[in-house]
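Below is protein_8.txt, which holds compact mmCIF, C-alpha atoms and all ligand atoms.
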# COMPACT_ATOMS: atom_id res chain seq x y z
CA MET A 1 -11.13 44.23 -18.90
CA THR A 2 -13.48 42.88 -16.27
CA LEU A 3 -12.56 39.81 -14.29
CA ARG A 4 -15.48 37.88 -15.75
CA ASN A 5 -14.38 38.27 -19.37
CA ARG A 6 -10.71 37.75 -18.81
CA SER A 7 -9.18 34.99 -20.93
CA TYR A 8 -6.48 32.66 -19.69
CA VAL A 9 -3.62 30.79 -21.32
CA VAL A 10 -4.62 27.15 -20.90
CA PRO A 11 -1.69 24.67 -21.01
CA ALA A 12 -1.96 22.02 -23.75
CA GLN A 13 -2.05 19.12 -21.28
CA VAL A 14 -4.98 20.77 -19.49
CA LYS A 15 -6.88 21.12 -22.78
CA ALA A 16 -6.20 17.44 -23.51
CA ALA A 17 -7.45 16.52 -20.04
CA ALA A 18 -10.73 18.32 -20.70
CA LYS A 19 -11.70 15.62 -23.19
CA GLN A 20 -11.58 12.91 -20.54
CA LYS A 21 -13.83 12.00 -17.67
CA ASN A 22 -13.52 14.63 -14.98
CA PHE A 23 -14.76 15.68 -11.56
CA ARG A 24 -18.16 17.33 -11.94
CA GLY A 25 -19.50 19.69 -9.29
CA PRO A 26 -23.17 20.18 -8.32
CA ASN A 27 -23.53 23.15 -10.71
CA GLY A 28 -22.27 21.17 -13.73
CA ASN A 29 -18.85 22.81 -13.90
CA GLU A 30 -16.02 20.27 -14.14
CA ALA A 31 -12.60 20.28 -12.51
CA ILE A 32 -10.26 18.81 -15.13
CA ALA A 33 -6.70 19.16 -13.82
CA TYR A 34 -4.42 20.22 -11.03
CA GLN A 35 -1.12 21.91 -11.79
CA TRP A 36 1.75 22.97 -9.57
CA ILE A 37 3.78 25.74 -11.18
CA TRP A 38 7.37 25.02 -10.18
CA LYS A 39 11.01 25.55 -11.15
CA TRP A 40 14.38 24.14 -10.19
CA ASP A 41 16.27 26.18 -7.61
CA LEU A 42 19.11 25.87 -5.16
CA VAL A 43 17.87 25.49 -1.61
CA PHE A 44 19.67 24.80 1.63
CA SER A 45 19.40 21.20 2.82
CA LYS A 46 19.99 20.54 6.50
CA ALA A 47 20.48 16.83 5.83
CA GLU A 48 23.23 17.46 3.29
CA ASP A 49 24.53 20.57 5.05
CA GLY A 50 24.67 22.50 1.78
CA MET A 51 22.81 23.79 -1.24
CA VAL A 52 20.90 21.22 -3.34
CA ASP A 53 18.71 21.33 -6.46
CA ALA A 54 15.04 21.22 -5.54
CA LYS A 55 11.64 21.93 -7.05
CA VAL A 56 10.18 25.15 -5.67
CA SER A 57 7.06 27.17 -6.47
CA ASP A 58 7.65 29.48 -9.43
CA TRP A 59 5.93 32.73 -8.49
CA ASP A 60 7.33 34.53 -11.55
CA ASN A 61 5.13 32.33 -13.71
CA ALA A 62 2.17 32.11 -11.35
CA ALA A 63 -1.38 31.90 -12.68
CA THR A 64 -4.22 34.15 -11.56
CA CYS A 65 -7.24 32.87 -9.66
CA SER A 66 -10.26 33.60 -11.85
CA THR A 67 -12.40 34.17 -8.75
CA CYS A 68 -10.29 36.53 -6.61
CA ASN A 69 -7.55 37.60 -9.04
CA ARG A 70 -4.78 36.55 -6.64
CA LYS A 71 -1.51 34.94 -7.83
CA ILE A 72 -1.60 31.16 -7.47
CA VAL A 73 0.96 28.39 -8.03
CA HIS A 74 -1.30 25.52 -6.93
CA VAL A 75 -3.76 25.75 -9.80
CA TYR A 76 -7.04 23.91 -10.32
CA TRP A 77 -8.39 24.11 -13.86
CA VAL A 78 -12.18 24.19 -14.16
CA LYS A 79 -14.18 23.78 -17.36
CA LYS A 80 -17.35 25.81 -17.10
CA GLN A 81 -20.59 24.84 -18.76
CA ASP A 82 -20.02 27.36 -21.55
CA GLY A 83 -16.81 25.44 -22.38
CA LYS A 84 -14.44 28.08 -21.04
CA ILE A 85 -11.51 26.71 -19.02
CA VAL A 86 -10.37 28.88 -16.09
CA PRO A 87 -7.73 28.60 -13.35
CA VAL A 88 -8.75 28.81 -9.72
CA GLY A 89 -6.95 28.57 -6.37
CA GLY A 90 -7.60 25.88 -3.79
CA ASP A 91 -9.67 28.20 -1.60
CA HIS A 92 -12.12 29.00 -4.40
CA LEU A 93 -12.30 25.68 -6.23
CA HIS A 94 -15.38 24.45 -4.35
CA GLN A 95 -17.34 27.63 -5.06
CA LEU A 96 -16.68 27.43 -8.78
CA LEU A 97 -17.93 23.82 -8.72
CA GLY A 98 -21.16 24.93 -7.04
CA TYR A 99 -20.56 23.79 -3.47
CA PRO A 100 -21.72 26.08 -0.63
CA LYS A 101 -19.33 28.94 0.16
CA GLU A 102 -18.94 27.88 3.77
CA LEU A 103 -17.40 24.42 3.82
CA GLY A 104 -15.32 22.83 6.55
CA HIS A 105 -11.59 22.48 5.97
CA GLY A 106 -11.94 18.69 5.74
CA GLN A 107 -14.61 18.89 3.03
CA LEU A 108 -12.55 21.44 1.12
CA ARG A 109 -9.48 19.19 1.17
CA ALA A 110 -11.60 16.23 0.04
CA ILE A 111 -12.73 18.13 -3.07
CA GLN A 112 -9.18 19.29 -3.83
CA ARG A 113 -7.87 15.74 -3.44
CA GLN A 114 -10.33 14.37 -6.03
CA VAL A 115 -8.90 16.77 -8.61
CA THR A 116 -5.29 16.03 -7.63
CA ASP A 117 -6.02 12.30 -7.94
CA LEU A 118 -7.26 12.81 -11.51
CA ASP A 119 -3.82 14.09 -12.36
CA VAL A 120 -1.98 11.17 -10.75
CA LYS A 121 -4.18 8.64 -12.58
CA ARG A 122 -3.51 10.35 -15.91
CA LYS A 123 0.25 10.28 -15.35
CA GLU A 124 0.04 6.57 -14.57
CA GLU A 125 -1.98 5.92 -17.69
CA ALA A 126 0.46 7.91 -19.83
CA GLY A 127 3.30 5.77 -18.45
CA ILE A 128 1.48 2.54 -19.24
CA ARG A 129 0.65 3.74 -22.76
CA LYS A 130 4.29 4.59 -23.45
CA ARG A 131 5.33 1.10 -22.37
CA TYR A 132 2.68 -0.54 -24.54
CA GLU A 133 3.70 1.53 -27.54
CA GLN A 134 7.24 0.22 -27.22
CA ILE A 135 5.92 -3.32 -26.90
CA ILE A 136 3.89 -2.93 -30.10
CA ILE A 137 6.88 -1.57 -32.04
CA GLN A 138 9.08 -4.45 -30.94
CA ARG A 139 6.55 -7.28 -31.18
CA GLU A 140 4.06 -6.80 -34.01
CA ALA A 141 4.73 -9.11 -36.94
CA ASP A 142 3.30 -10.43 -40.22
CA SER A 143 2.97 -14.07 -39.18
CA PRO A 144 2.58 -16.11 -35.98
CA GLY A 145 6.08 -17.57 -36.42
CA GLU A 146 7.66 -14.16 -36.77
CA ALA A 147 5.58 -12.83 -33.85
CA ASN A 148 6.85 -15.66 -31.69
CA LYS A 149 10.45 -15.00 -32.66
CA LYS A 150 10.07 -11.27 -31.95
CA LEU A 151 8.50 -11.97 -28.57
CA MET A 152 11.39 -14.24 -27.59
CA LEU A 153 13.93 -11.59 -28.65
CA TRP A 154 12.06 -8.92 -26.74
CA SER A 155 11.72 -11.05 -23.61
CA ARG A 156 15.42 -11.91 -23.58
CA LYS A 157 16.34 -8.22 -23.84
CA ALA A 158 13.80 -7.28 -21.16
CA GLY A 159 14.83 -10.17 -18.91
CA ILE A 160 11.26 -11.46 -18.76
CA SER A 161 10.45 -15.16 -18.95
CA ILE A 162 7.65 -16.02 -21.37
CA PRO A 163 5.73 -19.31 -21.38
CA PRO A 164 6.61 -21.39 -24.47
CA VAL A 165 4.08 -21.93 -27.26
CA GLY A 166 1.93 -24.88 -26.31
CA SER A 167 1.72 -24.09 -22.62
CA GLU A 168 -0.99 -21.52 -23.33
CA SER A 169 -4.35 -22.34 -24.81
CA LEU A 170 -4.31 -21.45 -28.51
CA ASP A 171 -7.26 -19.07 -28.61
CA LYS A 172 -5.66 -16.88 -25.96
CA MET A 173 -2.24 -16.66 -27.59
CA TRP A 174 -2.64 -14.11 -30.36
CA LEU A 175 -3.82 -10.56 -30.87
CA VAL A 176 -4.47 -9.28 -34.36
CA ASN A 177 -4.72 -5.86 -35.90
CA MET A 178 -7.15 -6.42 -38.78
CA LYS A 179 -6.53 -2.97 -40.30
CA LYS A 180 -2.73 -3.27 -40.37
CA LYS A 181 -2.71 -7.06 -40.87
CA LYS A 182 -0.38 -7.49 -37.92
CA ILE A 183 -0.11 -10.27 -35.35
CA MET A 184 1.25 -10.24 -31.82
CA ARG A 185 1.57 -12.93 -29.16
CA THR A 186 -0.31 -11.93 -26.01
CA ALA A 187 2.22 -13.38 -23.55
CA GLY A 188 3.24 -10.90 -20.88
CA LEU A 189 0.46 -8.39 -21.61
CA ALA A 190 -2.36 -7.34 -19.33
CA VAL A 191 -4.66 -8.07 -22.27
CA ASP A 192 -7.89 -6.44 -21.10
CA ARG A 193 -6.15 -3.20 -20.30
CA PHE A 194 -4.19 -3.34 -23.55
CA LEU A 195 -7.36 -3.84 -25.60
CA SER A 196 -9.15 -1.01 -23.82
CA MET A 197 -6.29 1.34 -24.79
CA TYR A 198 -5.81 0.06 -28.35
CA PRO A 199 -9.14 -0.53 -30.08
CA ASP A 200 -7.26 -1.41 -33.31
CA TRP A 201 -6.19 -4.71 -31.76
CA GLU A 202 -8.45 -7.63 -30.90
CA ARG A 203 -8.26 -11.13 -29.51
CA THR A 204 -8.14 -13.74 -32.26
CA ARG A 205 -11.10 -16.00 -32.57
CA ASN A 206 -9.20 -18.41 -34.77
CA ILE A 207 -5.73 -17.60 -36.07
CA GLY A 208 -6.15 -19.95 -39.06
CA ASP A 209 -9.27 -18.11 -40.24
CA VAL A 210 -7.56 -14.75 -39.87
CA LEU A 211 -4.56 -15.84 -41.96
CA LYS A 212 -6.87 -17.26 -44.62
CA LEU A 213 -8.74 -13.95 -44.70
CA TRP A 214 -5.44 -12.14 -45.25
CA GLY A 215 -4.49 -14.56 -48.00
CA LYS A 216 -1.50 -15.81 -46.07
CA ARG A 217 -2.38 -19.44 -46.10
ZN ZN B 301 -9.14 32.76 -5.38

For the file at hand, write its structure as structure tokens.
Ligand SMILES: [Zn+2]
Amino acid sequence: MTLRNRSYVVPAQVKAAAKQKNFRGPNGNEAIAYQWIWKWDLVFSKAEDGMVDAKVSDWDNAATCSTCNRKIVHVYWVKKQDGKIVPVGGDHLHQLLGYPKELGHGQLRAIQRQVTDLDVKRKEEAGIRKRYEQIIIQREADSPGEANKKLMLWSRKAGISIPPVGSESLDKMWLVNMKKKKIMRTAGLAVDRFLSMYPDWERTRNIGDVLKLWGKR
């Protein structure tokens, strides 16, 4: 099999990343993820004067650079214009993205960092999403009264103080899910970010109208 036609096992999280906004090079190829292939191992720690568990590069499960065929554990995944996703090492990443072969070390690191940052941002977003999902489970309700009660229960458990009803302006207090006919009080949510992640939910225009529409009043 020639190097060009070789196919690679693409991790699921890398495939998922390919659907998002990525780092596009001058030739149209896109870097979509960075991956460090690691494992737990016992290593000597000077500070603790003994063996400790630590993450170390896992060369037994290394990937292969699609450009030079060398083993790599710091892997950049690039989606080519034909849709094929290939792994590449840090020293060949820029070439696959269409940058000139001869680049200074500083420029090379800058390109690598943009891809590594993509990964960090995604991890952050995944963390936020997980938190919001828990909030939805614990707070969505069938009526404003029930939503308020659930919010108070949740806030007591979480140790978060929530402004009482009446201290917020009414139109800003509720979120509704028109499809599921669910209501949630907005208190304690970064609402804009929440709404950008959950298109099913929206700010209420008028909670009375919404309830009437649902036949609840
Ligand atoms: Zn290479």

Please check which protein, DNA or RNA residues sit within 12 Å of ligand ZN 301 (chain B), counting all atoms listed in the file, and write them as a list in words. Leu3, Ala63, Thr64, Cys65, Ser66, Thr67, Cys68, Asn69, Arg70, Lys71, Ile72, Val73, His74, Val75, Tyr76, Val86, Pro87, Val88, Gly89, Gly90, Asp91, His92, Leu93, His94, Gln95 and Leu96 of chain A

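Atom to atom, atom CA of A:Ile135 and atom CA of A:Met197 stand 13.2 Å apart.
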
Residue nearest A:Leu97 - candidates A:Lys55, A:Arg24, A:Arg122, A:Lys149, atoms counted: only C-alpha atoms: A:Arg24

If I take atom CA of A:Trp214 and atom CA of A:Ser155, how far is one from the other in Å, to one decimal?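 Computed distance, atom CA of A:Trp214 to atom CA of A:Ser155, equals 27.6 Å.
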
With distances taken over all atoms listed in the file, which of A:Ala126, A:Ala62, A:Leu211, A:Ile85 is nearest to A:Val14? A:Ile85

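Going from atom CA of A:Phe194 over to atom CA of A:Glu133, you cover 10.1 Å.
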
I'd like the contact shell of A:Val52 - 7 Å cut-off, only C-alpha atoms, skipping same-chain residues fewer than 2 positions apart - returned as number ranges by chain. A: 42-45, 50, 54

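For the set A:Gln138, A:Gln20, A:Ser143, A:Ser57, the residue with the smallest atom-to-atom gap to A:Lys216 is A:Ser143, counting all atoms listed in the file.
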
Around stretch 143-151 of chain A, fit a box with edges along x, y and z, padding it by 8 Å on each side, then list its centre and edge lengths in Å to one decimal as AutoDock Vina command-line options.
--center_x 6.5 --center_y -14.4 --center_z -33.9 --size_x 23.9 --size_y 22.3 --size_z 26.6

Pick from A:Arg203, A:Lys79, A:Lys84, A:Arg113, whichever lies nearest to A:Ala17 using all atoms listed in the file: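 Of all the options, A:Lys79 lies closest to A:Ala17.
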
Find, counting all atoms listed in the file, the residue in A:Gly166, A:Asn27, A:Trp36, A:Arg6 that gets nearest to A:Asp119.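 Nearest to A:Asp119: A:Trp36.
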
Counting only C-alpha atoms, what is within 10 Å of A:Gly145, bar same-chain residues fewer than 5 positions away, as a count of residues only? 5

Smallest atom-to-atom distance to A:Ile111: which of A:Gly98, A:Val9, A:Val191, A:Leu170, using all atoms listed in the file?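 Going through A:Gly98, A:Val9, A:Val191, A:Leu170 one by one, the smallest distance to A:Ile111 is for A:Gly98.
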